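S.K.: Right, I'll just put the structure down here and ask away after.
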Amino acid sequence: MDAADLDYRARMLSGCIPPPLVSRLLELGHGKEVKFQAGRGEWFCAREWARLLGYQGRQAQALDVLAPYVATGWWPAARTQAELLESWGRAAEAITLSRPYAAFGGNPLEFLARLLARQEGGDEAVTLLSAGIEDWVLATALVDITEGMGRDEDIAALLAARIPAGHRCDSPWCCSGLDPDTAIGLLATVRERQGRIDEAIALLHTRNITSVNNHDQLADLLARHERLEELRAYAASDDHGHASQRLAEVLEEHGDIEGAIAVYRQTDDSPVHHHHSAVQLAQLLTRHGRRDEAIEVMRTLAESPGGTQDWIIDTLCTLYADHGRAQEGLAYLDALKARHDGEEEWEFFRPRLHLMAACGWLDEAIEQAQAHPQGDTWYAAWTISDLLAGVGRTEEAVTVLEPYTPANSQELARHLIDLGRVEDAISLLQRQ
């Protein structure tokens with residue numbers, strides 16, 4: 001085995017059996033095949049087989065499965081072994097295994113530090129992470145592991161030193177390592193757990209980039225501490241809409257459904273904000289059994305300027321289908337098609353197929369799909385095969401997909417596995 005090859009295949013999910021299909025093989029009772037492939041360089045098979053052996057108490061055999069992979073020096077294999085060792089109560093061995101990798105910093109160092117902290121080696125973990133605080137991953141781990149250790153002021157001082165006066169990043173790529181905005185967020189976390197809520201809030205108001213991964217730390221903090229008026233004021237000034245979403249969630253949690261609805265209706269002039277708020281409103285209404293209102297919200301959105309987007313139409317049609325109104329959804333698509341001179345791009349045609357299937361017209365849907373101008377594409381084949389497999393016509397799903405490999409190899413392999421054609425599925429995946 002070669003570490004570079006293992007890493008490439010694992011990252012790209014190319015030329016290998018991917019995790020969902022390994023799980024499917026085990027679910028369907030093909031454990032012997034997973035074991036066999038684990039010995040032939042299939043990393044995801046080896047990982048799951050080792051975990052299964054460990055769960056069964058066969059620890060030595062689990063380590064034997066991983067040994068060839070760990071011997072390559074590839075960190076993910078070593079990490080998996082270390083995780084298993086810790087779960088078996090053999091943390092000292094896990095620490096010994098991880099140390100050489102941690103010497104290079106990055107994720108292995110983060111792993112070792114968190115492992116040490118869980119095993120009463122907190123002081124060493126703090127020392128290791130403090131030395132690498134310029135790495136935001138290590139800085140985040142440092143803040144996490146020091147909760148309750150009485151080291152908050154020391155950590156706060158380290159973070160404050162990383163917040164230069166007069167400079168704020170204007171993009172996530174401005175500063176390498178621990179950028180000022182991330183340092184501010186981490187320092188605010190420390191202040192919050194110290195009970196210095198006002199300081200944490202003031203810090204977060206100084207950020208330039210306020211939302212990361214669709215979350216706003218300030219909005220979450222205000223929600224946790226029931227400072228709803230401040231959250232409402234912040235939501236009114238938030239360009240991303242994430243503070244408004246958090247406010248609506250809190251109001252819903254408190255049983256104020258009308259208040260949550262009002263928040264989503266109070267959108268600004270940003271089309272993106274408006275569109276996402278409408279979808280969130282429809283989801284809220286659906287959760288509370290107000291399905292007709294949810295459909296009306298999405299239909300109004302679809303008819304608004306810029307609302308004719310595939311994801312919006314798809315959401316609307318899904319609501320129609322889920323609530324027994326599939327024929328109304330088809331009538332809406334007919335009207336939309338007429339407004340476009342009888343043309344219907346695949347992204348708008350695709351929801352038509354699901355609506356037709358919901359009406360019991362699957363064969364007609366497939367016939368129309370195959371006659372569509374884009375009906376001979378790999379993505380059309382994927383949609384058609386899913387419809388067929390969904391009603392148990394898996395053999396037909398395979399026939400549809402076979403001409404479109406390797407684009408649909410994983411989808412085809414899943415159907416082959418479901419049909420018991422395991423060797424064919426694995427051969428297909430390994431020659432990608």
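Identifiers for the structure tokens are assigned positionally: chains receive A, B, ... in sequence, residues are indexed from 1 per chain, and ligands are indexed from 1 in the order shown.
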Contacts of range 235-243 of chain A at 9 Å or less, counting only C-alpha atoms, minus same-chain residues fewer than 4 places along, as a PDB file with N, CA and C atoms, in the first residue's frame?
M.R.:
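Result saved to selection24.pdb:
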ATOM      1  N   THR A 210     -19.367  38.475   9.961  1.00  0.00           N
ATOM      2  CA  THR A 210     -20.231  38.108  11.081  1.00  0.00           C
ATOM      3  C   THR A 210     -20.808  36.701  10.993  1.00  0.00           C
ATOM      4  N   SER A 211     -20.954  36.174   9.796  1.00  0.00           N
ATOM      5  CA  SER A 211     -21.557  34.855   9.636  1.00  0.00           C
ATOM      6  C   SER A 211     -20.556  33.883   9.036  1.00  0.00           C
ATOM      7  N   ASN A 214     -23.155  29.742   7.761  1.00  0.00           N
ATOM      8  CA  ASN A 214     -24.582  30.001   7.984  1.00  0.00           C
ATOM      9  C   ASN A 214     -24.954  30.128   9.456  1.00  0.00           C
ATOM     10  N   HIS A 215     -23.992  30.498  10.270  1.00  0.00           N
ATOM     11  CA  HIS A 215     -24.267  30.750  11.686  1.00  0.00           C
ATOM     12  C   HIS A 215     -23.633  32.073  12.096  1.00  0.00           C
ATOM     13  N   ASP A 216     -24.310  32.734  13.027  1.00  0.00           N
ATOM     14  CA  ASP A 216     -23.809  33.995  13.552  1.00  0.00           C
ATOM     15  C   ASP A 216     -23.608  33.817  15.057  1.00  0.00           C
ATOM     16  N   LEU A 218     -22.844  35.882  17.428  1.00  0.00           N
ATOM     17  CA  LEU A 218     -23.493  36.867  18.284  1.00  0.00           C
ATOM     18  C   LEU A 218     -24.982  36.548  18.432  1.00  0.00           C
ATOM     19  N   ALA A 219     -25.621  36.189  17.341  1.00  0.00           N
ATOM     20  CA  ALA A 219     -27.040  35.844  17.412  1.00  0.00           C
ATOM     21  C   ALA A 219     -27.251  34.637  18.323  1.00  0.00           C
ATOM     22  N   ASP A 220     -26.381  33.648  18.216  1.00  0.00           N
ATOM     23  CA  ASP A 220     -26.497  32.465  19.068  1.00  0.00           C
ATOM     24  C   ASP A 220     -26.305  32.820  20.537  1.00  0.00           C
ATOM     25  N   GLU A 230     -32.247  42.665  22.239  1.00  0.00           N
ATOM     26  CA  GLU A 230     -30.969  42.912  21.568  1.00  0.00           C
ATOM     27  C   GLU A 230     -30.859  42.068  20.296  1.00  0.00           C
ATOM     28  N   LEU A 231     -31.341  40.832  20.383  1.00  0.00           N
ATOM     29  CA  LEU A 231     -31.315  39.974  19.204  1.00  0.00           C
ATOM     30  C   LEU A 231     -32.216  40.540  18.113  1.00  0.00           C
ATOM     31  N   LEU A 247     -33.592  34.455  15.623  1.00  0.00           N
ATOM     32  CA  LEU A 247     -34.676  35.074  16.377  1.00  0.00           C
ATOM     33  C   LEU A 247     -35.976  34.306  16.165  1.00  0.00           C
ATOM     34  N   ALA A 248     -36.272  33.969  14.911  1.00  0.00           N
ATOM     35  CA  ALA A 248     -37.494  33.226  14.618  1.00  0.00           C
ATOM     36  C   ALA A 248     -37.483  31.867  15.302  1.00  0.00           C
ATOM     37  N   GLN A 266     -40.568  39.983   7.535  1.00  0.00           N
ATOM     38  CA  GLN A 266     -39.912  41.288   7.535  1.00  0.00           C
ATOM     39  C   GLN A 266     -38.546  41.183   6.865  1.00  0.00           C
ATOM     40  N   THR A 267     -38.543  40.974   5.563  1.00  0.00           N
ATOM     41  CA  THR A 267     -37.286  40.828   4.834  1.00  0.00           C
ATOM     42  C   THR A 267     -36.847  42.154   4.266  1.00  0.00           C
ATOM     43  N   ASP A 268     -35.545  42.246   3.983  1.00  0.00           N
ATOM     44  CA  ASP A 268     -35.020  43.482   3.397  1.00  0.00           C
ATOM     45  C   ASP A 268     -35.090  43.401   1.877  1.00  0.00           C
ATOM     46  N   SER A 270     -32.741  42.573  -0.126  1.00  0.00           N
ATOM     47  CA  SER A 270     -31.821  41.605  -0.706  1.00  0.00           C
ATOM     48  C   SER A 270     -32.596  40.404  -1.238  1.00  0.00           C
ATOM     49  N   VAL A 272     -31.525  37.463  -2.086  1.00  0.00           N
ATOM     50  CA  VAL A 272     -31.080  36.221  -1.442  1.00  0.00           C
ATOM     51  C   VAL A 272     -31.727  36.083  -0.069  1.00  0.00           C
ATOM     52  N   HIS A 273     -31.676  37.165   0.712  1.00  0.00           N
ATOM     53  CA  HIS A 273     -32.285  37.165   2.041  1.00  0.00           C
ATOM     54  C   HIS A 273     -33.782  36.891   1.930  1.00  0.00           C
ATOM     55  N   HIS A 274     -34.441  37.548   1.002  1.00  0.00           N
ATOM     56  CA  HIS A 274     -35.882  37.379   0.816  1.00  0.00           C
ATOM     57  C   HIS A 274     -36.225  35.940   0.442  1.00  0.00           C
ATOM     58  N   HIS A 276     -34.499  33.097   0.930  1.00  0.00           N
ATOM     59  CA  HIS A 276     -34.256  32.132   1.997  1.00  0.00           C
ATOM     60  C   HIS A 276     -35.249  32.310   3.143  1.00  0.00           C
ATOM     61  N   SER A 277     -35.635  33.545   3.434  1.00  0.00           N
ATOM     62  CA  SER A 277     -36.621  33.775   4.484  1.00  0.00           C
ATOM     63  C   SER A 277     -37.961  33.166   4.110  1.00  0.00           C
TER      64      SER A 277
END
S.K.: Would you kindly return, as a list in words, each protein, DNA or RNA residue with an atom no farther than 10 Å from any atom of Trp88 in chain A, considering only C-alpha atoms and excluding same-chain residues fewer than 5 positions away?
M.R.: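 My list of contacting residues is Gly54, Tyr55, Gly57, Gln59, Ala82 and Glu83 of chain A.
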S.K.: Just the number, please: distance in Å from CA of Tyr234 in chain A to CA of Val143 in chain A, one decimal.
M.R.: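 Atom-to-atom, CA of Tyr234 in chain A to CA of Val143 in chain A, that is 25.9 Å.
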S.K.: Each residue of range 202-276 of chain A with at least one atom at most 12 Å from range 145-166 of chain A should appear once, together with its nearest atom pair and the corresponding distance in Å (one decimal); atoms considered: only C-alpha atoms; ordering: chain, then increasing residue number; output as a Markdown table.
M.R.:
| residue | atom | partner | partner_atom | distance |
| --- | --- | --- | --- | --- |
| A:Leu203 | CA | A:Ala160 | CA | 10.6 |
| A:Thr206 | CA | A:Ile163 | CA | 10.8 |
| A:Arg207 | CA | A:Ile163 | CA | 10.6 |
| A:Asn208 | CA | A:Gly166 | CA | 11.8 |
S.K.: For range 111-115 of chain A, please output as an mmCIF file with C-alpha atoms, in the first residue's frame all residues within 7 Å (counting only C-alpha atoms; exclusion window: fewer than 6 positions along the same chain).
M.R.:
data_model
loop_
_atom_site.group_PDB
_atom_site.id
_atom_site.type_symbol
_atom_site.label_atom_id
_atom_site.label_comp_id
_atom_site.auth_asym_id
_atom_site.auth_seq_id
_atom_site.Cartn_x
_atom_site.Cartn_y
_atom_site.Cartn_z
ATOM 1 C CA ILE A 95 -1.212 8.628 22.751
ATOM 2 C CA SER A 98 -0.302 9.714 17.791
ATOM 3 C CA ARG A 99 2.786 11.544 19.032
ATOM 4 C CA ALA A 102 1.518 15.396 16.055
ATOM 5 C CA ALA A 125 -2.300 19.682 25.861
ATOM 6 C CA ILE A 145 -10.186 21.888 26.121
#
